[in-house]
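Student: A single structure is presented below for examination.
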Amino acid sequence: MSEFIPITEQAGKYRRLEKMSVRELLTHINEEDKTVPYAVEKAIPAMEGLVTAIADKLLSGGRLFYIGAGTSGRLGILDASEIPPTYGMPEGLVVGVIAGGARAIQYPVEMAEDDEDQGWRDLQAYQVNERDLVVGIAASGKTSYVKGALKMCREHNITTACLVCNPNSPIASFADYPIELIVGPEFVAGSTRMKSGTAQKLALNMISTAAMIRIGRVEDNRMVNMQLTNSKLIERGVALLMEKTGIADSEQAKSLLLKHGSVKKAAELFSR
């Protein structure tokens, strides 16, 4: 079997970066970044099936797990952490797991991504099972921590997916829904927090947002289930509730909103 060589590790077309002016650096980084949405666009057909699978799992009482290392793991945690406040989903239904644990969110944890068995052990701590869906996130497509986790999920009949930035990767071979975001070499060779990370963030936004819409957490284009965690969101909720119900008094709308905890519940109970 031939050795897998990630495109993301290869040198790009821009060389002698240290000789460039600040304007040149920023301009060329921006030029590279402009190519990312087109790479994501090509993966939409593959994402479609994954979104449907996620929605089905969540509606059937299952959970969505993201698992990754380094930047990829942090992006999964970021997306998972934004689901409860944005869509009012209970905590624990969308979970981010990162190699090295909580410390790795801010600091590198030596050799954490190289342990092929630890990813599965970390998932077992959540009692992962056949009702769940696990998405492995790894720009290289070969991270041992992620690969081992998806391999074991497969063996336990747990639905798997992946977000990778190289074609025909080892991790993709263990994914029921492989999503390949082929962005090419990075501006700084191997620095996958750049184009690869941007592509992963875009894809995660698309996948989780579409899934939340499919399971009924959005009405029209409004976040009717958002958590009221600060004054900005309360003000937004008051305005939306007034719009939905015809309530003219903002104080009445605010009182109703705070009593019931979400625009959706407040509107439904007001209409009865």
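As shown in the structure tokens, the chain order sets the letters A, B, ...; within each chain, residues go from 1, and ligands are also counted from 1 in the order they appear.
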With a cut-off of 10 Å, could you pull out the residues of stretch 69-147 of chain A touching stretch 7-17 of chain A and give me the nearest pair of atoms for each, distance in Å to one decimal, using only C-alpha atoms, ordered by chain and ascending number, as JSON lines?

Tutor:
{"residue": "A:Ala139", "atom": "CA", "partner": "A:Thr8", "partner_atom": "CA", "distance": 7.7}
{"residue": "A:Ser140", "atom": "CA", "partner": "A:Thr8", "partner_atom": "CA", "distance": 6.7}
{"residue": "A:Gly141", "atom": "CA", "partner": "A:Thr8", "partner_atom": "CA", "distance": 9.8}

Student: At a cut-off of 9 Å, can you tabulate as CSV every residue of stretch 22-74 of chain A near stretch 168-189 of chain A together with its closest atom pair and the distance in Å to one decimal, using only C-alpha atoms and ordering rows by chain then number?

Tutor:
residue,atom,partner,partner_atom,distance
A:His28,CA,A:Phe187,CA,8.1
A:Ile29,CA,A:Phe187,CA,6.5
A:Glu32,CA,A:Phe187,CA,7.2
A:Thr35,CA,A:Val183,CA,7.3
A:Val36,CA,A:Val183,CA,6.0
A:Tyr38,CA,A:Val183,CA,8.7
A:Ala39,CA,A:Leu181,CA,5.7
A:Val40,CA,A:Leu181,CA,5.6
A:Glu41,CA,A:Leu181,CA,8.7
A:Lys42,CA,A:Leu181,CA,7.8
A:Ala43,CA,A:Ile179,CA,6.3
A:Ile44,CA,A:Ile179,CA,8.6
A:Ala46,CA,A:Ile179,CA,6.0
A:Met47,CA,A:Ile179,CA,6.5
A:Gly49,CA,A:Tyr177,CA,7.3
A:Leu50,CA,A:Tyr177,CA,6.0

Student: List as JSON lines every residue of stretch 35-127 of chain A that is in contact with stretch 249-264 of chain A, defined as an atom at most 12 Å from one of its atoms (using only C-alpha atoms), together with the nearest atom pair and the distance in Å rounded to one decimal, sorted by chain and then rising number.

Tutor:
{"residue": "A:Pro85", "atom": "CA", "partner": "A:Ser262", "partner_atom": "CA", "distance": 10.9}
{"residue": "A:Thr86", "atom": "CA", "partner": "A:Ser262", "partner_atom": "CA", "distance": 11.1}
{"residue": "A:Tyr87", "atom": "CA", "partner": "A:Ser262", "partner_atom": "CA", "distance": 10.0}
{"residue": "A:Gly88", "atom": "CA", "partner": "A:Ser262", "partner_atom": "CA", "distance": 8.2}
{"residue": "A:Met89", "atom": "CA", "partner": "A:Ser262", "partner_atom": "CA", "distance": 11.6}

Student: How would the residues just chosen look if you wrote them out with C-alpha atoms as a PDB file, in the first residue's frame?

Tutor:
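Everything below was put into result17.pdb:
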ATOM      1  CA  PRO A  85     -27.614  29.035  23.334  1.00  0.00           C
ATOM      2  CA  THR A  86     -28.495  29.471  19.660  1.00  0.00           C
ATOM      3  CA  TYR A  87     -31.151  26.792  19.303  1.00  0.00           C
ATOM      4  CA  GLY A  88     -32.169  26.012  22.874  1.00  0.00           C
ATOM      5  CA  MET A  89     -31.035  22.400  22.622  1.00  0.00           C
TER       6      MET A  89
END

Student: Taking 4 positions as the minimum chain separation for residues in the same chain, which residues sit within 12 Å of A:Glu82 when counting only C-alpha atoms? Answer as a ChimeraX atom specification.

Tutor: /A:75-78,86-96,204-205,208-209,212,226-227

Student: Give the alpha helix (DSSP H) residues of stretch 7-105 of chain A, as assigned by DSSP on the backbone, as a ChimeraX atom specification.

Tutor: /A:22-33,36-42,44-59,70-87

Student: Which residues of stretch 131-221 of chain A come within 9 Å of stretch 57-69 of chain A, and what is each one's closest atom pair and distance in Å (one decimal), counting only C-alpha atoms, sorted by chain and residue number, as CSV?

Tutor:
residue,atom,partner,partner_atom,distance
A:Arg131,CA,A:Gly62,CA,4.6
A:Asp132,CA,A:Gly62,CA,4.6
A:Leu133,CA,A:Leu64,CA,5.1
A:Val134,CA,A:Phe65,CA,4.6
A:Val135,CA,A:Tyr66,CA,4.8
A:Gly136,CA,A:Ile67,CA,5.0
A:Ile137,CA,A:Gly68,CA,4.9
A:Ala138,CA,A:Gly68,CA,6.1
A:Thr143,CA,A:Ala69,CA,7.7
A:Tyr145,CA,A:Ala69,CA,7.3
A:Val146,CA,A:Gly68,CA,5.8
A:Ala149,CA,A:Ile67,CA,8.2
A:Cys162,CA,A:Tyr66,CA,9.0
A:Ala211,CA,A:Leu58,CA,8.9
A:Ile215,CA,A:Leu59,CA,6.8

Student: Restricting the output to N, CA and C atoms, write the selected residues as a tab-separated table (two decimals), in the first residue's frame.

Tutor:
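Saved the output as part_26.tsv:
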chain	number	residue	atom	x	y	z
A	131	ARG	N	-27.40	4.73	18.78
A	131	ARG	CA	-28.34	5.82	18.50
A	131	ARG	C	-27.63	7.11	18.11
A	132	ASP	N	-26.31	7.17	18.36
A	132	ASP	CA	-25.54	8.39	18.16
A	132	ASP	C	-24.89	8.45	16.79
A	133	LEU	N	-24.35	9.60	16.47
A	133	LEU	CA	-23.57	9.79	15.24
A	133	LEU	C	-22.28	10.51	15.61
A	134	VAL	N	-21.15	10.00	15.14
A	134	VAL	CA	-19.84	10.55	15.49
A	134	VAL	C	-19.16	11.10	14.24
A	135	VAL	N	-18.78	12.37	14.32
A	135	VAL	CA	-18.07	13.05	13.22
A	135	VAL	C	-16.62	13.25	13.62
A	136	GLY	N	-15.71	12.63	12.89
A	136	GLY	CA	-14.29	12.84	13.11
A	136	GLY	C	-13.80	14.02	12.29
A	137	ILE	N	-13.10	14.95	12.93
A	137	ILE	CA	-12.61	16.14	12.26
A	137	ILE	C	-11.08	16.10	12.26
A	138	ALA	N	-10.48	16.09	11.08
A	138	ALA	CA	-9.03	16.00	10.98
A	138	ALA	C	-8.59	16.51	9.62
A	143	THR	N	-5.06	11.57	11.41
A	143	THR	CA	-4.83	11.69	12.85
A	143	THR	C	-5.22	10.40	13.58
A	145	TYR	N	-5.73	9.56	16.70
A	145	TYR	CA	-6.77	9.69	17.73
A	145	TYR	C	-8.16	9.60	17.09
A	146	VAL	N	-8.33	10.29	15.97
A	146	VAL	CA	-9.62	10.30	15.28
A	146	VAL	C	-9.86	9.00	14.53
A	149	ALA	N	-10.88	6.21	16.81
A	149	ALA	CA	-12.23	6.39	17.33
A	149	ALA	C	-13.27	5.97	16.30
A	162	CYS	N	-16.89	12.17	8.65
A	162	CYS	CA	-15.63	12.87	8.87
A	162	CYS	C	-15.59	14.16	8.06
A	211	ALA	N	-29.11	21.06	10.16
A	211	ALA	CA	-29.71	20.02	11.00
A	211	ALA	C	-30.69	20.62	12.00
A	215	ILE	N	-34.83	19.86	12.28
A	215	ILE	CA	-35.51	19.28	13.45
A	215	ILE	C	-36.45	20.29	14.12

Student: Quick one: of A:Arg217, A:Lys195, A:Lys201, A:Arg74, who's nearest to A:Lys34, counting only C-alpha atoms?

Tutor: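 Closest candidate: A:Lys195.
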
Student: Leaving out A:Ala125 and any residue of its chain fewer than 4 positions from it, which residues lie within 12 Å of it when counting only C-alpha atoms, given as a PyMOL selection string?

Tutor: chain A and resi 95+97+101+118-121+129

Student: Can you pull out the residues contacting A:Gly100? Cut-off 8 Å, using only C-alpha atoms, and skip same-chain residues under 5 positions away; I want them as number ranges by chain.

Tutor: A: 69, 109, 112-113

Student: DSSP on the backbone, then: every residue of stretch 140-232 of chain A marked strand (DSSP E), written as a list of chain:residue names.

Tutor: A:Thr159, A:Thr160, A:Ala161, A:Cys162, A:Leu163, A:Val164, A:Tyr177, A:Pro178, A:Ile179, A:Glu180

Student: Between atom CA of A:Glu235 and atom CA of A:Gly216, what is the distance, to one decimal in Å?

Tutor: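 Atom-to-atom, atom CA of A:Glu235 to atom CA of A:Gly216, that is 22.5 Å.
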
Student: Have a look at atom CA of A:Ile5 and atom CA of A:Asp122 and let me know their distance in Å, one decimal.

Tutor: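 Interatomic distance here is 27.7 Å.
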
Student: Env of A:Ile105: 8 Å cut, atoms = only C-alpha atoms, seq-sep filter 3 positions within chain, self excluded. Answer as a VMD selection string.

Tutor: chain A and resid 70 73 to 74 98 101 to 102 108

Student: Name the closest residue to A:Ser144 among the candidates A:Thr71, A:Met111, A:Ser271, A:Ala161; distances are taken between atoms, counting only C-alpha atoms.

Tutor: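 Between A:Thr71, A:Met111, A:Ser271, A:Ala161, the residue approaching A:Ser144 most closely is A:Met111.
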
Student: Please determine, counting only C-alpha atoms, which residue among A:Arg236, A:Arg193, A:Arg23, A:His156 has the shortest atom-to-atom distance to A:Gln124.

Tutor: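 Ranked by minimum distance to A:Gln124, first place goes to A:His156.
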